[in-house]
$ cat my_file.cif   # mmCIF, C-alpha atoms
data_final
loop_
_atom_site.label_atom_id
_atom_site.label_comp_id
_atom_site.auth_asym_id
_atom_site.auth_seq_id
_atom_site.Cartn_x
_atom_site.Cartn_y
_atom_site.Cartn_z
CA MET A 1 0.00 0.00 0.00
CA GLU A 2 1.26 3.43 -0.97
CA VAL A 3 2.14 5.94 1.76
CA PRO A 4 0.48 9.34 1.17
CA ILE A 5 2.93 12.16 0.43
CA GLN A 6 1.28 14.25 3.15
CA TRP A 7 2.72 11.94 5.78
CA TYR A 8 6.22 12.64 4.57
CA LEU A 9 5.55 16.37 4.59
CA LEU A 10 4.11 16.17 8.09
CA LEU A 11 7.11 14.22 9.31
CA ALA A 12 9.43 16.80 7.73
CA ALA A 13 7.51 19.61 9.44
CA ALA A 14 7.78 17.82 12.79
CA LEU A 15 11.52 17.25 12.34
CA PHE A 16 11.99 20.89 11.37
CA ALA A 17 10.04 22.05 14.43
CA ILE A 18 12.10 19.83 16.73
CA GLY A 19 15.30 21.16 15.18
CA ALA A 20 14.13 24.76 15.48
CA ALA A 21 13.20 24.30 19.13
CA GLY A 22 16.61 22.75 19.78
CA ALA A 23 18.48 25.52 17.98
CA LEU A 24 16.61 28.13 20.04
CA THR A 25 16.91 26.51 23.47
CA ARG A 26 20.31 24.83 23.54
CA ARG A 27 23.30 26.83 24.72
CA ASN A 28 26.10 24.50 23.72
CA GLY A 29 27.32 25.69 20.32
CA ILE A 30 27.78 22.15 18.98
CA SER A 31 24.24 21.18 19.99
CA ILE A 32 22.89 24.21 18.15
CA PHE A 33 24.80 23.06 15.09
CA LEU A 34 23.33 19.57 15.36
CA SER A 35 19.85 21.09 15.51
CA ILE A 36 20.58 23.13 12.39
CA GLU A 37 21.65 19.96 10.58
CA LEU A 38 18.34 18.42 11.64
CA MET A 39 16.43 21.36 10.14
CA LEU A 40 18.40 21.10 6.90
CA ASN A 41 17.54 17.43 6.71
CA ALA A 42 13.84 18.11 7.23
CA ALA A 43 13.98 20.57 4.33
CA ASN A 44 15.68 17.89 2.22
CA LEU A 45 12.91 15.44 3.04
CA THR A 46 10.32 17.98 1.87
CA LEU A 47 12.23 18.54 -1.37
CA VAL A 48 12.44 14.83 -2.14
CA ALA A 49 8.79 14.31 -1.24
CA TYR A 50 7.68 17.02 -3.67
CA SER A 51 10.08 15.67 -6.26
CA ARG A 52 8.28 12.32 -5.95
CA LEU A 53 4.84 13.94 -6.01
CA LEU A 54 5.45 15.96 -9.16
CA ALA A 55 7.71 13.35 -10.80
CA VAL A 56 10.47 15.87 -11.53
CA ARG A 57 14.11 15.26 -10.75
CA THR A 58 14.87 18.87 -9.76
CA GLY A 59 14.11 18.26 -6.08
CA GLN A 60 16.74 15.54 -5.84
CA LEU A 61 19.32 17.75 -7.53
CA VAL A 62 18.60 20.61 -5.14
CA VAL A 63 19.09 18.18 -2.26
CA PHE A 64 22.50 17.36 -3.72
CA PHE A 65 23.46 21.02 -3.56
CA VAL A 66 22.02 21.42 -0.07
CA LEU A 67 24.16 18.50 1.10
CA ALA A 68 27.30 20.10 -0.33
CA VAL A 69 26.50 23.47 1.26
CA ALA A 70 25.75 21.75 4.59
CA ALA A 71 29.16 20.09 4.47
CA ALA A 72 30.87 23.44 3.84
CA GLU A 73 28.83 25.06 6.60
CA ALA A 74 29.72 22.34 9.10
CA ALA A 75 33.43 22.59 8.29
CA VAL A 76 33.62 26.38 8.63
CA GLY A 77 31.34 26.50 11.66
CA LEU A 78 33.25 23.86 13.58
CA ALA A 79 36.52 25.61 12.72
CA LEU A 80 35.06 28.81 14.16
CA PHE A 81 34.10 26.97 17.33
CA ILE A 82 37.62 25.61 17.65
CA ALA A 83 39.00 29.14 17.27
CA VAL A 84 36.54 30.53 19.83
CA PHE A 85 37.25 27.71 22.25
CA ARG A 86 40.96 28.42 21.99
CA GLN A 87 40.35 32.01 23.05
CA ARG A 88 37.50 31.75 25.55
CA HIS A 89 37.72 28.12 26.76
CA THR A 90 33.95 27.70 26.35
CA ILE A 91 31.44 27.34 23.53
CA ASP A 92 28.45 28.29 25.64
CA VAL A 93 26.75 30.76 23.31
CA ASN A 94 25.54 32.88 26.23
CA ARG A 95 29.14 33.55 27.19
CA ILE A 96 30.40 34.24 23.68
CA ASN A 97 29.26 37.83 23.54
CA LEU A 98 32.21 39.36 21.75
CA MET A 99 30.04 40.99 19.12
CA ARG A 100 26.88 41.59 21.08
CA TRP A 101 27.44 45.28 21.67
CA MET B 1 3.99 -3.31 4.11
CA GLU B 2 5.27 0.03 2.85
CA THR B 3 3.17 1.82 5.45
CA VAL B 4 4.64 -0.29 8.21
CA ILE B 5 8.22 0.49 7.09
CA PHE B 6 7.34 4.17 6.86
CA LEU B 7 5.86 4.22 10.34
CA ILE B 8 8.84 2.40 11.84
CA PHE B 9 11.41 4.74 10.37
CA ALA B 10 9.31 7.86 10.92
CA ALA B 11 8.99 6.97 14.60
CA LEU B 12 12.72 6.23 14.72
CA ALA B 13 13.54 9.59 13.13
CA LEU B 14 11.23 11.50 15.46
CA GLY B 15 12.42 9.76 18.60
CA SER B 16 16.10 10.06 17.83
CA SER B 17 15.70 13.71 16.79
CA LEU B 18 14.14 14.38 20.19
CA VAL B 19 17.21 12.81 21.78
CA VAL B 20 19.42 15.02 19.57
CA VAL B 21 17.90 18.22 20.91
CA ALA B 22 17.23 17.06 24.48
CA HIS B 23 20.34 15.14 25.52
CA LYS B 24 22.85 16.99 27.65
CA ASN B 25 25.93 15.20 26.39
CA PRO B 26 26.80 16.34 22.85
CA ILE B 27 28.36 12.98 22.00
CA TYR B 28 25.06 11.17 22.59
CA SER B 29 23.31 13.90 20.62
CA THR B 30 25.65 13.32 17.70
CA MET B 31 25.25 9.55 17.75
CA SER B 32 21.49 10.02 17.88
CA LEU B 33 21.74 12.31 14.87
CA VAL B 34 23.31 9.39 12.99
CA LEU B 35 20.16 7.37 13.65
CA THR B 36 17.93 10.25 12.53
CA LEU B 37 19.87 10.78 9.32
CA PHE B 38 19.86 7.08 8.57
CA SER B 39 16.09 6.85 9.05
CA VAL B 40 15.59 9.83 6.75
CA ALA B 41 17.89 8.12 4.22
CA VAL B 42 15.58 5.09 4.28
CA LEU B 43 12.63 7.42 3.64
CA PHE B 44 14.55 8.93 0.69
CA VAL B 45 14.92 5.46 -0.79
CA MET B 46 11.20 4.83 -0.24
CA LEU B 47 10.44 8.07 -2.09
CA GLY B 48 12.27 6.79 -5.15
CA ALA B 49 15.51 8.72 -4.59
CA PRO B 50 18.10 6.02 -3.82
CA PHE B 51 20.98 8.24 -4.97
CA VAL B 52 20.03 10.93 -2.44
CA GLY B 53 19.71 8.28 0.25
CA VAL B 54 23.19 6.95 -0.47
CA LEU B 55 24.58 10.49 -0.51
CA GLN B 56 22.93 11.15 2.82
CA VAL B 57 24.58 8.13 4.43
CA LEU B 58 27.96 8.82 2.80
CA ILE B 59 28.20 12.58 3.32
CA TYR B 60 26.19 13.15 6.49
CA THR B 61 26.82 10.11 8.61
CA GLY B 62 30.16 9.35 7.00
CA ALA B 63 31.78 12.77 6.91
CA ILE B 64 29.86 15.51 8.72
CA VAL B 65 28.97 13.54 11.84
CA VAL B 66 32.51 12.21 12.12
CA LEU B 67 33.72 15.82 11.89
CA PHE B 68 31.33 16.74 14.71
CA LEU B 69 32.63 13.87 16.84
CA PHE B 70 36.22 14.91 16.17
CA VAL B 71 35.54 18.47 17.26
CA ILE B 72 33.59 17.41 20.37
CA MET B 73 36.41 15.15 21.47
CA LEU B 74 39.01 17.77 20.55
CA LEU B 75 37.32 20.43 22.67
CA ASN B 76 36.78 18.04 25.60
CA LEU B 77 33.35 19.40 26.37
CA GLN B 78 32.89 17.47 29.58
CA ARG B 79 34.08 20.51 31.47
CA THR B 80 31.51 22.79 29.90
CA GLY B 81 28.77 20.17 29.97
CA ARG B 82 27.29 21.47 33.19
CA ASP B 83 26.78 24.90 31.63
CA ASP B 84 24.18 23.43 29.35
CA SER B 85 22.22 21.94 32.21
CA ARG B 86 21.58 25.36 33.68
CA MET B 87 18.78 25.81 31.17
CA ALA B 88 16.16 25.65 33.91
CA GLY B 89 16.86 29.28 34.77
CA GLN B 90 15.50 30.48 31.46
CA SER B 91 12.28 28.51 31.31
CA LEU B 92 10.43 31.34 29.61
CA GLN B 93 12.73 31.18 26.60
CA ILE B 94 12.27 27.44 26.39
CA ILE B 95 8.48 27.67 26.62
CA VAL B 96 8.40 30.32 23.90
CA ALA B 97 10.70 28.28 21.64
CA LEU B 98 8.73 25.05 22.12
CA GLY B 99 5.44 26.90 21.63
CA GLY B 100 6.71 28.48 18.44
CA ALA B 101 7.92 25.15 17.10
CA ALA B 102 4.64 23.44 17.96
CA LEU B 103 2.72 26.28 16.32
CA PHE B 104 4.83 25.88 13.18
CA ALA B 105 4.15 22.14 12.95
CA LEU B 106 0.45 22.75 13.65
CA LEU B 107 0.19 25.37 10.90
CA ILE B 108 1.86 23.02 8.39
CA ALA B 109 -0.52 20.23 9.39
CA LEU B 110 -3.50 22.58 9.05
CA ALA B 111 -2.34 23.83 5.65
CA LEU B 112 -1.79 20.27 4.45
CA SER B 113 -5.22 19.16 5.61
CA ARG B 114 -6.92 22.06 3.82
CA THR B 115 -5.17 21.81 0.50
CA SER B 116 -5.46 18.95 -1.95
CA LEU B 117 -2.19 17.86 -3.53
CA PRO B 118 -2.19 16.71 -7.14
CA PRO B 119 -2.31 12.93 -7.58
CA VAL B 120 1.02 11.19 -7.13
CA GLN B 121 2.68 10.31 -10.40
CA ALA B 122 3.63 6.70 -10.92
CA LEU B 123 7.24 5.95 -10.05
CA THR B 124 8.93 5.32 -13.37
CA ALA B 125 12.38 3.92 -14.06
CA ASP B 126 13.38 7.34 -15.41
CA MET B 127 12.85 8.93 -12.00
CA VAL B 128 15.13 6.47 -10.23
CA SER B 129 17.73 6.32 -12.99
CA LEU B 130 21.12 7.53 -11.84
CA LYS B 131 22.23 8.05 -15.43
CA LEU B 132 19.50 10.57 -16.21
CA LEU B 133 20.01 12.31 -12.89
CA SER B 134 23.72 12.79 -13.46
CA ARG B 135 23.13 13.87 -17.03
CA GLN B 136 20.79 16.59 -15.81
CA LEU B 137 23.32 17.55 -13.15
CA PHE B 138 26.14 17.95 -15.65
CA THR B 139 24.14 19.77 -18.33
CA GLU B 140 21.27 21.81 -16.94
CA TYR B 141 22.84 22.34 -13.50
CA LEU B 142 26.47 22.57 -14.56
CA LEU B 143 26.98 26.14 -13.33
CA PRO B 144 25.60 25.49 -9.81
CA PHE B 145 27.69 22.33 -9.72
CA GLU B 146 30.88 24.26 -10.46
CA ILE B 147 29.93 26.97 -7.97
CA VAL B 148 29.38 24.35 -5.26
CA GLY B 149 32.81 22.91 -6.04
CA LEU B 150 34.33 26.36 -5.63
CA LEU B 151 32.37 26.86 -2.40
CA LEU B 152 33.76 23.62 -0.98
CA LEU B 153 37.29 24.68 -1.90
CA VAL B 154 36.82 28.06 -0.21
CA ALA B 155 35.28 26.33 2.84
CA VAL B 156 38.24 23.96 3.17
CA ILE B 157 40.77 26.79 2.93
CA GLY B 158 38.73 29.01 5.27
CA ALA B 159 38.26 26.27 7.87
CA THR B 160 41.99 25.52 7.82
CA VAL B 161 42.91 29.17 8.25
CA VAL B 162 40.37 29.79 11.01
CA ALA B 163 41.15 26.67 13.03
CA ARG B 164 44.92 26.99 12.68
CA ARG B 165 46.80 27.80 15.86
CA PRO B 166 47.89 31.44 15.69
CA PRO B 167 51.67 31.92 15.47
CA GLN B 168 51.92 33.91 18.70
CA ALA B 169 49.42 31.80 20.62
CA ASP B 170 51.00 32.40 24.03
CA THR B 171 50.80 36.18 23.95
CA THR B 172 47.26 36.09 22.59
CA THR B 173 45.90 33.83 25.32
CA SER B 174 47.68 35.73 28.07
CA TYR B 175 46.21 38.94 26.68
CA VAL B 176 42.74 37.46 26.79
CA GLU B 177 43.30 36.14 30.29
CA SER B 178 44.50 39.52 31.52
CA THR B 179 41.57 41.42 30.04
CA LYS B 180 38.97 38.93 31.15
CA GLY B 181 38.84 40.34 34.66
CA SER B 182 38.13 43.87 33.48
CA GLU B 183 35.00 42.92 31.58
CA PRO B 184 31.80 44.45 32.94
#
$ encode --input "my_file.cif" --output "structure tokens"
Amino acid sequence: MEVPIQWYLLLAAALFAIGAAGALTRRNGISIFLSIELMLNAANLTLVAYSRLLAVRTGQLVVFFVLAVAAAEAAVGLALFIAVFRQRHTIDVNRINLMRW
Amino acid sequence: METVIFLIFAALALGSSLVVVAHKNPIYSTMSLVLTLFSVAVLFVMLGAPFVGVLQVLIYTGAIVVLFLFVIMLLNLQRTGRDDSRMAGQSLQIIVALGGAALFALLIALALSRTSLPPVQALTADMVSLKLLSRQLFTEYLLPFEIVGLLLLVAVIGATVVARRPPQADTTTSYVESTKGSEP
């Protein structure tokens, strides 16, 4: 029996909401990053679901690009955290207020 | 049968994603993210996108998550772990964030229930074909492909430069230590 596409979209929305809540509430920089990866993945699931619904390959290709950009983002972001940790000895985002005011 | 597989992996993805955002220890969060990403990869395969599913497992769980684990172990976050558990002091922020997220999911569910999607097209061999997918990637999407390659190169160079130990590391850290006390 075929699974309705709406279920996939609902699951993606739930995953995105969980990731957004995590990104807003966590204070460990790495955990925030993990939540952002979760949100990216939920968006990917939506893209593939619509690609299946409309029978066009564009959604899958966009997911390919999103994956590449996510890899670049993770590399640069983690390097930034290493640099910050070297200076401040913490990655608690409430204590990293160098640029707040 | 397909519904059962979907439900199993959807539940797995939801449960492990909750662990990702709720667990205090970032290592457990990361390992839980592996499970989430793998479940979503299974859903990709079920949606007729096996190439994307394989990419997900290779790139995300194979490269990005390993990078996360490396950094977590490099930074030795056990010392700062207790900072994250002090979240109870800011319960208002947490309630607002959870409420906003729940509202978002609710609005999507409402919008989906009120709109009718077009009928699902039959899954043809052309949709799953890796040959056609790569042909489209290297013809129609050639420019974005090249730009993404350039972006990855820039990211690698930038990450190396940013994470490199500064040449005069000792003076820099002592400077930071000496000015830390004078902060308001």
$ resolve_selection --input "my_file.cif" --expression "the PyMOL selection byres ((chain B and resi 118) around 12)" --output "number ranges by chain"
A: 4-6, 50, 52-55; B: 115-117, 119-121
$ resolve_selection --input "my_file.cif" --expression "the PyMOL selection byres ((chain B and resi 69) around 10)" --output "list of chain:residue names"
A:Ile30, B:Pro26, B:Ile27, B:Tyr28, B:Thr30, B:Met31, B:Ile64, B:Val65, B:Val66, B:Leu67, B:Phe68, B:Phe70, B:Val71, B:Ile72, B:Met73, B:Leu74, B:Leu75
$ residues_around --input "my_file.cif" --residues "Ala74 of chain A" --least-positions-apart "4" --cutoff "8 Å" --atoms "all atoms listed in the file" --output "PyMOL selection string"
(chain A and resi 33+70+78) or (chain B and resi 64)
$ atom_distance --input "my_file.cif" --atom1 "atom CA of Ala23 of chain A" --atom2 "atom CA of Ser35 of chain A"
5.3 Å
$ residues_around --input "my_file.cif" --residues "Tyr8 of chain A" --least-positions-apart "2" --cutoff "9 Å" --atoms "only C-alpha atoms" --output "list in words"
Val3, Pro4, Ile5, Gln6, Leu10, Leu11, Ala12, Ala13, Leu45, Thr46 and Ala49 of chain A; Phe6, Ala10 and Leu43 of chain B
$ atom_distance --input "my_file.cif" --atom1 "atom CA of Leu151 of chain B" --atom2 "atom CA of Ile96 of chain A"
27.2 Å
$ atom_distance --input "my_file.cif" --atom1 "atom CA of Glu146 of chain B" --atom2 "atom CA of Ile59 of chain B"
18.3 Å
$ residues_near_point --input "my_file.cif" --point "(12.9, 11.5, -12.6)" --cutoff "9 Å" --atoms "only C-alpha atoms" --output "PyMOL selection string"
(chain A and resi 51-52+55-58+60) or (chain B and resi 48-49+123-129+132-133)
$ residues_around --input "my_file.cif" --residues "Gly149 of chain B" --least-positions-apart "2" --cutoff "12 Å" --atoms "all atoms listed in the file" --output "list in words"
Phe64, Phe65, Ala68, Val69, Ala71 and Ala72 of chain A; Leu142, Leu143, Pro144, Phe145, Glu146, Ile147, Leu151, Leu152, Leu153, Val154, Ala155 and Val156 of chain B
$ resolve_selection --input "my_file.cif" --expression "the PyMOL selection byres ((chain A and resi 40) around 9)" --output "list in words"
Phe16, Gly19, Ser35, Ile36, Glu37, Leu38, Met39, Asn41, Ala42, Ala43, Asn44, Leu45, Val66, Leu67 and Ala70 of chain A
$ residues_around --input "my_file.cif" --residues "segment 93-95 of chain A" --least-positions-apart "6" --cutoff "9 Å" --atoms "all atoms listed in the file" --output "JSON, numbers by chain"
{"A": [26, 27, 28, 29]}
$ residues_around --input "my_file.cif" --residues "Ser29 of chain B" --least-positions-apart "5" --cutoff "8 Å" --atoms "only C-alpha atoms" --output "list in words"
Ser31 and Leu34 of chain A; Val19, Val20, Val21, Ala22, His23 and Lys24 of chain B
$ closest_residue --input "my_file.cif" --among "A:Val76, A:Glu2, A:Ile32, A:Ile18" --to "Asp92 of chain A" --atoms "all atoms listed in the file"
A:Ile32
$ axis_aligned_box --input "my_file.cif" --around "segment 153-166 of chain B" --padding-each-side "8 Å" --output "JSON"
{"center_x": 41.6, "center_y": 27.7, "center_z": 7.0, "size_x": 28.6, "size_y": 23.5, "size_z": 33.8}
$ closest_residue --input "my_file.cif" --among "A:Ile91, A:Leu15, A:Ala79, A:Leu9" --to "Thr36 of chain B" --atoms "all atoms listed in the file"
A:Leu15
